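**Student:** This is the structure, below, for whatever I ask next.
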Amino acid sequence: MDEKVRDVIREHSADAIGLPITVMASRMFEEHGLKVSTLPDKTLRAYLTNRPALYSLDPKDPSAKVRCKPEACTRSTT
């Protein structure tokens, strides 16, 4: 799952400024058929927040973005 998340962030985040979380959810469904509501965390924000070693998130806001932490993007984690 995290590999898919990192791939979407890398592919759709211009200049590592981050990807809006709302866009991330739709990209995950479009590219991987993943409905976030089926995850134990129930929301993408909760999923990402529960993995602080992998992702950094802007404070909760409609335009909040997620970024992959550099050290997390180089190692293989699922």
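Residue numbers start at 1 in each chain; chains themselves are named A, B, ... in the order of the structure tokens; ligands are numbered from 1 in the order shown.
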Among chain A, which residues does DSSP mark as helix (DSSP H, G or I) when it is run on the backbone? Keep the chain and numbering as in the structure and answer as a PyMOL selection string.
**Tutor:** chain A and resi 2-12+14-16+21-32+36-38+44-49+70-74
**Student:** Can I get the selection written as a JSON list (two decimals), in the first residue's frame, with C-alpha atoms?
**Tutor:**
```
[["chain", "number", "residue", "atom", "x", "y", "z"],
["A", 2, "ASP", "CA", 2.71, 2.51, 0.95],
["A", 3, "GLU", "CA", 4.57, 1.84, -2.27],
["A", 4, "LYS", "CA", 1.43, 2.82, -4.20],
["A", 5, "VAL", "CA", 1.01, 5.94, -2.07],
["A", 6, "ARG", "CA", 4.64, 6.95, -2.65],
["A", 7, "ASP", "CA", 4.32, 6.33, -6.39],
["A", 8, "VAL", "CA", 1.25, 8.59, -6.61],
["A", 9, "ILE", "CA", 2.97, 11.33, -4.59],
["A", 10, "ARG", "CA", 6.11, 11.16, -6.74],
["A", 11, "GLU", "CA", 4.17, 11.15, -10.00],
["A", 12, "HIS", "CA", 1.71, 13.94, -9.21],
["A", 14, "ALA", "CA", 5.32, 19.04, -8.81],
["A", 15, "ASP", "CA", 8.80, 19.87, -7.46],
["A", 16, "ALA", "CA", 8.13, 17.99, -4.21],
["A", 21, "ILE", "CA", -4.79, 14.99, 0.04],
["A", 22, "THR", "CA", -8.11, 15.28, -1.79],
["A", 23, "VAL", "CA", -6.32, 14.67, -5.09],
["A", 24, "MET", "CA", -4.40, 11.76, -3.55],
["A", 25, "ALA", "CA", -7.63, 9.95, -2.69],
["A", 26, "SER", "CA", -8.99, 10.22, -6.21],
["A", 27, "ARG", "CA", -5.65, 9.22, -7.78],
["A", 28, "MET", "CA", -5.42, 6.16, -5.54],
["A", 29, "PHE", "CA", -8.85, 5.07, -6.78],
["A", 30, "GLU", "CA", -8.18, 5.90, -10.44],
["A", 31, "GLU", "CA", -4.74, 4.32, -10.60],
["A", 32, "HIS", "CA", -5.03, 1.45, -8.12],
["A", 36, "VAL", "CA", -9.90, 4.60, 1.13],
["A", 37, "SER", "CA", -13.09, 3.88, 3.08],
["A", 38, "THR", "CA", -12.25, 0.17, 2.90],
["A", 44, "LEU", "CA", -6.67, 8.86, 3.79],
["A", 45, "ARG", "CA", -5.67, 11.55, 6.29],
["A", 46, "ALA", "CA", -5.90, 9.03, 9.13],
["A", 47, "TYR", "CA", -3.88, 6.48, 7.14],
["A", 48, "LEU", "CA", -1.14, 9.02, 6.38],
["A", 49, "THR", "CA", -1.13, 10.50, 9.90],
["A", 70, "PRO", "CA", 12.85, 11.74, 1.75],
["A", 71, "GLU", "CA", 14.19, 8.88, 3.85],
["A", 72, "ALA", "CA", 10.92, 6.98, 3.37],
["A", 73, "CYS", "CA", 10.97, 7.35, -0.40],
["A", 74, "THR", "CA", 14.31, 5.60, -0.70]]
```
**Student:** Could you name the residues that touch Lys65 (chain A) at 8 Å or less, counting only C-alpha atoms, but leaving out those on the same chain fewer than 3 positions away, as a tab-separated table (two decimals) with C-alpha atoms, in the first residue's frame?
**Tutor:**
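And here's part03.tsv as it stands now:
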```
chain	number	residue	atom	x	y	z
A	18	GLY	CA	3.27	17.99	-2.06
A	19	LEU	CA	0.05	16.58	-3.38
A	20	PRO	CA	-3.33	17.76	-2.10
A	21	ILE	CA	-4.79	14.99	0.04
A	57	LEU	CA	1.06	16.48	6.13
A	58	ASP	CA	-0.08	20.06	6.21
```
**Student:** Please report the interatomic distance between CA of Pro40 (chain A) and CA of Lys69 (chain A) in Å with one decimal.
**Tutor:**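 Between CA of Pro40 (chain A) and CA of Lys69 (chain A) the gap works out to 22.6 Å.
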**Student:** Using DSSP on the backbone coordinates, identify the residues of chain A assigned to strand (DSSP E); present them as a ChimeraX atom specification.
**Tutor:** /A:19-20,55-57,65-68
**Student:** Write the residues of the selection above to a file with N, CA and C atoms, as a tab-separated table (two decimals), in the first residue's frame.
**Tutor:**
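Done, and the output landed in out.tsv:
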```tsv
chain	number	residue	atom	x	y	z
A	19	LEU	N	1.25	16.89	-2.63
A	19	LEU	CA	0.05	16.58	-3.38
A	19	LEU	C	-1.15	16.82	-2.48
A	20	PRO	N	-2.15	17.59	-2.94
A	20	PRO	CA	-3.33	17.76	-2.10
A	20	PRO	C	-3.92	16.41	-1.71
A	55	TYR	N	5.34	10.00	5.97
A	55	TYR	CA	4.67	11.13	5.33
A	55	TYR	C	4.62	12.35	6.24
A	56	SER	N	4.68	13.52	5.62
A	56	SER	CA	4.41	14.76	6.35
A	56	SER	C	3.17	15.38	5.72
A	57	LEU	N	2.32	15.90	6.58
A	57	LEU	CA	1.06	16.48	6.13
A	57	LEU	C	0.93	17.91	6.61
A	65	LYS	N	-1.72	19.39	1.94
A	65	LYS	CA	-0.93	18.53	1.06
A	65	LYS	C	-0.18	17.49	1.88
A	66	VAL	N	0.16	16.42	1.19
A	66	VAL	CA	0.97	15.36	1.77
A	66	VAL	C	2.27	15.27	0.98
A	67	ARG	N	3.35	15.00	1.70
A	67	ARG	CA	4.65	14.80	1.08
A	67	ARG	C	5.25	13.51	1.63
A	68	CYS	N	5.99	12.86	0.79
A	68	CYS	CA	6.72	11.67	1.22
A	68	CYS	C	8.02	12.15	1.86
```
